[in-house]
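What's in coords.tsv: TSV, C-alpha atoms (C1' of nucleotides)
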```tsv
chain	number	residue	atom	x	y	z
A	106	MET	CA	115.80	-58.86	16.77
A	107	PRO	CA	115.76	-57.87	20.40
A	108	GLU	CA	112.45	-58.71	22.00
A	109	LEU	CA	111.88	-59.37	25.70
A	110	PRO	CA	114.12	-62.47	26.06
A	111	GLU	CA	116.99	-60.79	24.24
A	112	VAL	CA	116.64	-57.54	26.19
A	113	GLU	CA	116.47	-59.49	29.47
A	114	SER	CA	119.63	-61.39	28.51
A	115	VAL	CA	121.33	-58.05	27.92
A	116	ARG	CA	119.99	-56.71	31.23
A	117	LEU	CA	121.43	-59.65	33.15
A	118	GLY	CA	124.81	-59.04	31.56
A	119	LEU	CA	124.66	-55.34	32.37
A	120	VAL	CA	123.79	-56.11	36.01
A	121	THR	CA	126.92	-58.23	36.32
A	122	HIS	CA	129.23	-55.63	34.85
A	123	THR	CA	127.79	-52.26	35.88
A	124	VAL	CA	125.78	-52.31	39.12
A	125	GLY	CA	127.59	-50.48	41.91
A	126	ARG	CA	129.89	-48.74	39.42
A	127	THR	CA	130.12	-45.01	38.81
A	128	ILE	CA	130.12	-43.58	35.29
A	129	VAL	CA	133.29	-41.52	34.95
A	130	ARG	CA	132.98	-40.60	31.28
A	131	ALA	CA	130.25	-40.75	28.61
A	132	GLU	CA	130.53	-39.91	24.93
A	133	SER	CA	128.02	-40.12	22.11
A	134	ARG	CA	128.74	-40.22	18.40
A	135	GLY	CA	126.24	-38.69	16.01
A	136	ALA	CA	123.00	-37.00	16.93
A	137	ARG	CA	120.61	-39.90	16.48
A	138	VAL	CA	121.56	-41.93	19.52
A	139	THR	CA	120.53	-39.07	21.80
A	140	LEU	CA	117.81	-37.74	19.52
A	141	HIS	CA	115.26	-37.84	22.34
A	142	SER	CA	117.50	-35.98	24.78
A	143	PRO	CA	119.22	-33.04	23.06
A	144	GLU	CA	121.20	-32.30	26.24
A	145	GLY	CA	123.19	-35.46	25.54
A	146	LEU	CA	124.74	-37.82	28.04
A	147	GLY	CA	126.48	-35.27	30.25
A	148	ALA	CA	123.91	-35.65	33.01
A	149	VAL	CA	124.94	-39.23	33.74
A	150	VAL	CA	128.63	-38.53	34.37
A	151	GLY	CA	129.40	-38.99	38.06
A	152	ALA	CA	126.27	-41.03	38.67
A	153	LYS	CA	126.39	-44.42	40.36
A	154	ILE	CA	124.44	-47.27	38.78
A	155	GLY	CA	122.20	-48.74	41.47
A	156	ALA	CA	120.33	-51.24	39.32
A	157	VAL	CA	119.48	-52.12	35.73
A	158	ALA	CA	115.73	-52.44	35.19
A	159	ARG	CA	113.52	-53.48	32.31
A	160	ARG	CA	109.92	-53.30	31.20
A	161	GLY	CA	109.10	-55.02	27.93
A	162	LYS	CA	111.89	-54.07	25.55
A	163	PHE	CA	112.90	-50.91	27.45
A	164	LEU	CA	115.95	-50.94	29.69
A	165	TRP	CA	117.08	-48.33	32.16
A	166	PHE	CA	120.03	-47.79	34.45
A	167	ASP	CA	118.83	-46.60	37.85
A	168	LEU	CA	121.00	-43.62	38.80
A	169	GLY	CA	119.21	-42.77	42.05
A	170	GLU	CA	117.30	-39.56	41.38
A	171	SER	CA	117.20	-40.12	37.64
A	172	ALA	CA	117.54	-42.87	35.06
A	173	LEU	CA	119.33	-43.54	31.82
A	174	VAL	CA	116.82	-45.17	29.47
A	175	ALA	CA	118.11	-47.43	26.69
A	176	HIS	CA	116.18	-48.96	23.82
A	177	LEU	CA	117.96	-51.40	21.51
A	178	GLY	CA	115.64	-50.72	18.58
A	179	MET	CA	116.31	-53.19	15.80
A	180	SER	CA	120.01	-53.77	16.19
A	181	GLY	CA	121.29	-52.20	19.40
A	182	GLN	CA	123.94	-53.97	21.46
A	183	PHE	CA	125.75	-53.29	24.70
A	184	ARG	CA	129.26	-54.71	24.72
A	185	VAL	CA	131.69	-54.85	27.63
A	186	ASP	CA	135.40	-54.36	26.92
A	187	CYS	CA	135.06	-55.55	23.33
A	188	GLU	CA	137.39	-55.04	20.39
A	189	GLU	CA	136.92	-51.90	18.28
A	190	LEU	CA	133.71	-52.48	16.30
A	191	PRO	CA	131.83	-50.43	13.67
A	192	HIS	CA	128.65	-48.51	14.49
A	193	VAL	CA	129.64	-47.46	18.01
A	194	ARG	CA	127.03	-44.82	18.97
A	195	ALA	CA	128.01	-44.22	22.59
A	196	ARG	CA	130.80	-45.21	24.95
A	197	PHE	CA	130.88	-45.22	28.74
A	198	PHE	CA	133.84	-45.62	31.06
A	199	LEU	CA	133.18	-46.94	34.56
A	200	ASP	CA	135.23	-46.39	37.71
A	201	ASP	CA	136.65	-49.93	37.62
A	202	GLY	CA	138.09	-49.35	34.15
A	203	VAL	CA	135.34	-51.17	32.25
A	204	ARG	CA	134.45	-49.75	28.84
A	205	LEU	CA	130.80	-50.14	27.86
A	206	ASP	CA	129.94	-49.60	24.18
A	207	PHE	CA	126.48	-49.03	22.75
A	208	ILE	CA	126.59	-50.30	19.18
A	209	ASP	CA	123.72	-49.94	16.73
A	210	GLN	CA	123.89	-50.58	13.00
A	211	ARG	CA	120.36	-49.51	12.01
A	212	THR	CA	120.14	-46.62	14.48
A	213	PHE	CA	116.63	-47.29	15.73
A	214	GLY	CA	118.01	-47.61	19.24
A	215	TYR	CA	118.66	-44.68	21.56
A	216	LEU	CA	119.89	-43.59	24.98
A	217	ALA	CA	118.05	-40.95	26.99
A	218	PRO	CA	118.70	-39.55	30.46
A	219	ASP	CA	115.23	-39.31	31.98
A	220	ARG	CA	113.39	-38.31	35.13
A	221	TYR	CA	111.34	-40.69	37.18
A	222	ILE	CA	107.63	-40.30	37.64
A	223	THR	CA	105.61	-42.04	40.32
A	224	THR	CA	102.73	-44.05	38.98
A	225	GLY	CA	99.62	-45.08	40.86
A	226	LEU	CA	99.95	-47.68	43.52
A	227	SER	CA	100.67	-51.10	42.10
A	228	ARG	CA	98.91	-54.23	43.28
A	229	ASP	CA	101.29	-54.76	46.17
A	230	GLY	CA	100.33	-51.33	47.46
A	231	ARG	CA	103.69	-49.65	46.95
A	232	ALA	CA	104.24	-46.58	44.81
A	233	GLU	CA	106.29	-47.33	41.72
A	234	ARG	CA	108.88	-45.16	40.04
A	235	ILE	CA	109.32	-45.49	36.30
A	236	PRO	CA	111.16	-43.32	33.77
A	237	ALA	CA	108.73	-40.87	32.16
A	238	ARG	CA	109.32	-42.12	28.65
A	239	VAL	CA	108.55	-45.71	29.67
A	240	SER	CA	105.37	-44.86	31.55
A	241	HIS	CA	103.06	-45.56	28.61
A	242	ILE	CA	104.41	-49.10	28.24
A	243	ALA	CA	102.27	-51.87	29.72
A	244	ARG	CA	103.67	-54.54	32.00
A	245	ASP	CA	105.15	-57.53	30.22
A	246	LEU	CA	104.10	-61.16	30.67
A	247	LEU	CA	107.08	-62.00	32.89
A	248	ASP	CA	106.34	-59.11	35.28
A	249	PRO	CA	105.24	-60.57	38.63
A	250	LEU	CA	102.71	-57.74	38.93
A	251	ALA	CA	101.17	-58.32	35.50
A	252	ASP	CA	97.39	-58.59	35.78
A	253	ARG	CA	96.32	-61.41	33.49
A	254	GLU	CA	92.56	-60.95	34.01
A	255	HIS	CA	92.78	-57.29	33.13
A	256	LEU	CA	94.92	-58.07	30.08
A	257	VAL	CA	92.44	-60.63	28.75
A	258	ALA	CA	89.53	-58.25	29.25
A	259	GLU	CA	91.37	-55.39	27.55
A	260	THR	CA	92.28	-57.63	24.62
A	261	LEU	CA	88.68	-58.73	24.17
A	262	ARG	CA	87.63	-55.07	23.84
A	263	LYS	CA	89.93	-54.49	20.84
A	264	ARG	CA	88.57	-54.53	17.32
A	265	SER	CA	92.08	-54.79	15.85
A	266	ARG	CA	93.46	-58.03	14.52
A	267	ILE	CA	94.99	-60.15	17.29
A	268	LYS	CA	98.49	-59.97	15.78
A	269	THR	CA	98.36	-56.18	15.99
A	270	VAL	CA	97.19	-56.34	19.62
A	271	LEU	CA	100.10	-58.63	20.54
A	272	LEU	CA	102.51	-56.08	19.08
A	273	ASP	CA	100.86	-53.10	20.83
A	274	GLN	CA	103.27	-52.30	23.68
A	275	SER	CA	100.64	-50.26	25.49
A	276	VAL	CA	98.51	-53.41	25.87
A	277	VAL	CA	101.21	-55.93	26.72
A	278	SER	CA	104.91	-55.26	26.27
A	279	GLY	CA	107.90	-57.30	25.25
A	280	ILE	CA	106.38	-59.20	22.33
A	281	GLY	CA	107.78	-58.47	18.86
A	282	ASN	CA	107.19	-60.02	15.48
A	283	ILE	CA	109.04	-63.27	16.21
A	284	TYR	CA	107.31	-64.24	19.44
A	285	ALA	CA	103.94	-62.95	18.24
A	286	ASP	CA	104.04	-65.46	15.37
A	287	GLU	CA	105.23	-68.22	17.69
A	288	ALA	CA	102.51	-67.57	20.27
A	289	LEU	CA	99.76	-67.47	17.63
A	290	PHE	CA	101.07	-70.70	16.14
A	291	ASP	CA	101.23	-72.42	19.51
A	292	ALA	CA	97.70	-71.29	20.40
A	293	GLY	CA	96.29	-72.16	16.95
A	294	ILE	CA	94.95	-68.68	16.27
A	295	HIS	CA	94.90	-66.96	12.86
A	296	PRO	CA	96.85	-63.66	13.05
A	297	GLU	CA	94.03	-61.72	11.35
A	298	THR	CA	91.32	-62.78	13.79
A	299	PRO	CA	89.71	-59.69	15.35
A	300	ALA	CA	90.63	-59.77	19.03
A	301	CYS	CA	87.03	-59.16	20.04
A	302	ALA	CA	85.93	-62.26	18.10
A	303	LEU	CA	87.95	-64.54	20.40
A	304	THR	CA	86.76	-66.05	23.66
A	305	ALA	CA	88.35	-65.33	27.04
A	306	GLU	CA	89.55	-68.94	27.08
A	307	ARG	CA	91.38	-68.65	23.76
A	308	VAL	CA	92.91	-65.29	24.66
A	309	GLY	CA	94.03	-66.78	27.96
A	310	ALA	CA	95.57	-69.70	26.10
A	311	LEU	CA	97.30	-67.26	23.74
A	312	TYR	CA	98.93	-65.36	26.60
A	313	ASP	CA	99.87	-68.66	28.23
A	314	ALA	CA	101.56	-69.64	24.96
A	315	ALA	CA	103.28	-66.26	24.69
A	316	THR	CA	104.52	-66.49	28.28
A	317	ALA	CA	105.84	-69.99	27.68
A	318	VAL	CA	107.71	-69.08	24.49
A	319	LEU	CA	109.26	-66.00	26.12
A	320	GLU	CA	110.43	-68.14	29.05
A	321	ARG	CA	111.87	-70.83	26.78
A	322	ALA	CA	113.67	-68.26	24.66
A	323	LEU	CA	115.06	-66.53	27.74
A	324	ALA	CA	116.35	-69.87	29.05
A	325	ALA	CA	118.14	-70.33	25.71
A	326	GLY	CA	119.75	-66.90	25.92
A	327	GLY	CA	117.47	-65.35	23.30
A	328	THR	CA	117.00	-65.66	19.55
A	329	SER	CA	119.72	-64.62	17.16
A	330	PHE	CA	119.95	-65.04	13.41
A	331	ASP	CA	123.15	-63.11	12.91
A	332	ALA	CA	125.57	-60.76	14.63
A	333	LEU	CA	122.91	-58.07	15.05
A	334	TYR	CA	121.85	-59.39	18.40
A	335	VAL	CA	124.38	-60.60	20.93
A	336	GLN	CA	124.78	-60.58	24.67
A	337	VAL	CA	127.16	-58.21	26.41
A	338	ASN	CA	130.01	-60.72	26.04
A	339	GLY	CA	129.39	-61.08	22.29
A	340	GLU	CA	127.85	-64.55	22.48
A	341	SER	CA	124.56	-65.19	20.72
A	342	GLY	CA	121.54	-67.12	21.95
A	343	TYR	CA	120.38	-70.18	20.12
A	344	PHE	CA	116.59	-70.10	20.36
A	345	ASP	CA	116.26	-69.64	16.57
A	346	ARG	CA	116.65	-73.40	16.32
A	347	SER	CA	113.40	-73.75	18.23
A	348	LEU	CA	111.18	-71.45	16.16
A	349	ARG	CA	108.17	-73.25	14.71
A	350	ALA	CA	106.52	-70.49	12.65
A	351	TYR	CA	108.60	-67.30	12.30
A	352	GLY	CA	110.81	-67.37	9.22
A	353	ARG	CA	109.53	-70.80	8.12
A	354	SER	CA	107.19	-69.67	5.33
A	355	GLY	CA	107.03	-72.34	2.61
A	356	SER	CA	108.19	-75.07	5.00
A	357	PRO	CA	105.91	-77.81	6.34
A	358	CYS	CA	104.00	-77.23	9.58
A	359	GLU	CA	105.53	-79.32	12.36
A	360	ARG	CA	102.04	-80.20	13.60
A	361	CYS	CA	100.08	-81.08	10.46
A	362	GLY	CA	102.49	-80.95	7.50
A	363	ASP	CA	100.61	-78.24	5.63
A	364	THR	CA	102.77	-75.52	4.05
A	365	LEU	CA	103.27	-72.45	6.24
A	366	LYS	CA	102.08	-69.24	4.60
A	367	LYS	CA	103.28	-65.64	4.86
A	368	ILE	CA	100.95	-62.66	4.81
A	369	VAL	CA	101.24	-59.03	5.90
A	370	VAL	CA	99.32	-57.94	9.00
A	371	GLY	CA	99.60	-54.35	10.14
A	372	GLY	CA	102.60	-53.85	7.88
A	373	ARG	CA	104.48	-56.79	9.44
A	374	SER	CA	105.18	-60.16	7.89
A	375	SER	CA	103.22	-62.93	9.58
A	376	THR	CA	103.89	-66.62	9.09
A	377	PHE	CA	101.20	-69.09	10.08
A	378	CYS	CA	99.73	-72.51	9.31
A	379	PRO	CA	96.54	-72.24	7.22
A	380	THR	CA	95.27	-75.51	8.69
A	381	CYS	CA	96.21	-75.29	12.39
A	382	GLN	CA	95.52	-71.56	12.49
A	383	GLY	CA	92.49	-71.49	10.22
A	384	GLN	CA	89.52	-69.43	11.37
A	385	GLY	CA	87.84	-71.27	14.23
A	386	SER	CA	90.53	-73.90	14.59
A	387	HIS	CA	91.32	-75.11	18.09
A	388	ILE	CA	94.66	-76.56	19.04
A	389	SER	CA	94.68	-78.39	22.31
A	390	ASN	CA	98.39	-78.58	23.10
B	259	DA	C1'	88.88	-42.29	21.25
B	260	DG	C1'	90.41	-45.94	18.86
B	261	DT	C1'	92.58	-47.66	14.96
B	262	DA	C1'	95.56	-47.90	10.78
B	263	DG	C1'	99.41	-46.64	8.14
B	264	DC	C1'	103.77	-44.93	7.45
B	265	DA	C1'	108.49	-42.85	8.34
B	266	DC	C1'	112.73	-43.63	10.36
B	267	DC	C1'	117.47	-46.52	8.94
B	268	DT	C1'	121.12	-49.63	6.88
B	269	DG	C1'	122.78	-53.95	5.15
B	270	DA	C1'	121.43	-58.20	2.90
B	271	DT	C1'	118.92	-60.19	-0.62
B	272	DT	C1'	116.37	-60.40	-4.82
B	273	DG	C1'	115.24	-58.98	-9.55
B	274	DC	C1'	116.23	-57.36	-14.01
C	296	DT	C1'	128.18	-58.36	-13.82
C	297	DG	C1'	126.11	-54.41	-11.88
C	298	DC	C1'	122.81	-51.59	-10.33
C	299	DA	C1'	118.26	-50.74	-8.36
C	300	DA	C1'	114.36	-52.20	-5.92
C	301	DT	C1'	112.81	-54.76	-2.02
C	302	DC	C1'	112.84	-56.53	2.59
C	303	DA	C1'	113.46	-56.60	7.63
C	304	DG	C1'	111.27	-54.58	11.94
C	305	DG	C1'	110.19	-51.36	17.08
C	306	DT	C1'	108.38	-47.24	17.93
C	307	DG	C1'	105.91	-43.08	17.61
C	308	DC	C1'	103.75	-39.75	14.89
C	309	DT	C1'	99.96	-38.43	11.81
C	310	DA	C1'	95.61	-39.02	9.77
C	311	DC	C1'	91.23	-40.78	9.56
```
Please rewrite the model in this file as structure tokens.
Amino acid sequence: MPELPEVESVRLGLVTHTVGRTIVRAESRGARVTLHSPEGLGAVVGAKIGAVARRGKFLWFDLGESALVAHLGMSGQFRVDCEELPHVRARFFLDDGVRLDFIDQRTFGYLAPDRYITTGLSRDGRAERIPARVSHIARDLLDPLADREHLVAETLRKRSRIKTVLLDQSVVSGIGNIYADEALFDAGIHPETPACALTAERVGALYDAATAVLERALAAGGTSFDALYVQVNGESGYFDRSLRAYGRSGSPCERCGDTLKKIVVGGRSSTFCPTCQGQGSHISN
DNA sequence: AGTAGCACCTGATTGC
DNA sequence: TGCAATCAGGTGCTAC
């Protein structure tokens, strides 16, 4: 599933193949892919791609005065000059002849031409432009301007279970179900612990663990279990071999040997170690 | 206001 | 064997 490392891998591929190019043709297939922008993709034809940006799991092509926002949802892919594949939802032709396909089996992804809004001054004192529909998304843990102190304080004010807070993109973005389980495992925190019941030290350690796992997964090219997530050249990442909690329910904990357990938290499956992540447990590594 | 739950969707897997 | 129910999960809306 595309979380921050997977989306960043896709962004890097898109930078290589699209920056500096002009979109000469854009077609969408079916209404869902442009559900959020009934005017369709016509507005992007003729625009030059100046950059490809990302916040959390949201991507956008910078088109100068406007942006084209892309969210991969559960199964979205961008593919460059690939063979004819099923589930093509949109197709772009660039001025160098490249064909860029947006492919999405489960149709939770979308493309949306969007206007920029200027947010308040960021820490470095410069005004920041961000597409309107991304403006409610918090900075992610790999954002150089992320404010860790503020994030810890905000987390400690939440009465929700910590797993739910990790998945709340308006608190911290980029973390999905896979890396949430990994970070909680690494930090030795039970997913159902109320956020406000934790200490600043443990929340800090949790975000350190989350940052580390996102960085390791990014270095590996992302996590992929099947063909649903691939990079723009069709290759898949291999971080799934490194997962220690997610998807390992019923298997022994790599730290203590206890059997990993699966529960539902906030409607999402959550795998954890009852011993290492028991209430009040502290893991030092 | 803050929080919780569910709908959206399709293919794979599980159960009877 | 075949069909139906279940599961997966990011986001955003609705309801409390």
Give me, as a list in words, the residues of chain C touching chain A, with the criterion being at most 12 Å (counting all atoms listed in the file).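 Only these qualify: DC302, DA303, DG304, DG305, DT306 and DG307 of chain C.
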Could you pull the residues within 12 Å of DT272 (chain B), counting all atoms listed in the file, minus those fewer than 2 positions along the same chain, as a list of chain:residue names?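 Listed by chain and then number, they are B:DA270, B:DC274, C:DA299, C:DA300, C:DT301, C:DC302.
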Output as a PDB file with C-alpha atoms, keeping the file's coordinate frame the set of chain A residues within 10 Å of chain B, with distances taken over all atoms listed in the file.
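iface_22.pdb was written with the following content:
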```
ATOM      1  CA  MET A 179     116.310 -53.190  15.800  1.00  0.00           C
ATOM      2  CA  GLN A 210     123.890 -50.580  13.000  1.00  0.00           C
ATOM      3  CA  ARG A 211     120.360 -49.510  12.010  1.00  0.00           C
ATOM      4  CA  THR A 212     120.140 -46.620  14.480  1.00  0.00           C
ATOM      5  CA  PHE A 213     116.630 -47.290  15.730  1.00  0.00           C
ATOM      6  CA  LYS A 263      89.930 -54.490  20.840  1.00  0.00           C
ATOM      7  CA  ARG A 264      88.570 -54.530  17.320  1.00  0.00           C
ATOM      8  CA  SER A 265      92.080 -54.790  15.850  1.00  0.00           C
ATOM      9  CA  GLY A 371      99.600 -54.350  10.140  1.00  0.00           C
ATOM     10  CA  GLY A 372     102.600 -53.850   7.880  1.00  0.00           C
TER      11      GLY A 372
END
```
What is the distance between CA of Asp219 (chain A) and CA of Ala237 (chain A), in Å to one decimal?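 About the pair CA of Asp219 (chain A) and CA of Ala237 (chain A): they are 6.7 Å apart.
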Grab the CA of Ala152 (chain A) to CA of Ala195 (chain A) distance for me, in Å with one decimal place. 16.5 Å
Hey, can you check how far CA of Pro357 (chain A) sits from CA of Leu319 (chain A)? 23.3 Å
Near Leu323 (chain A), within 8 Å and counting all atoms listed in the file, which residues show up once chain neighbours fewer than 3 positions away are dropped, as a ChimeraX atom specification? /A:110-111,113-114,319-320,326-327
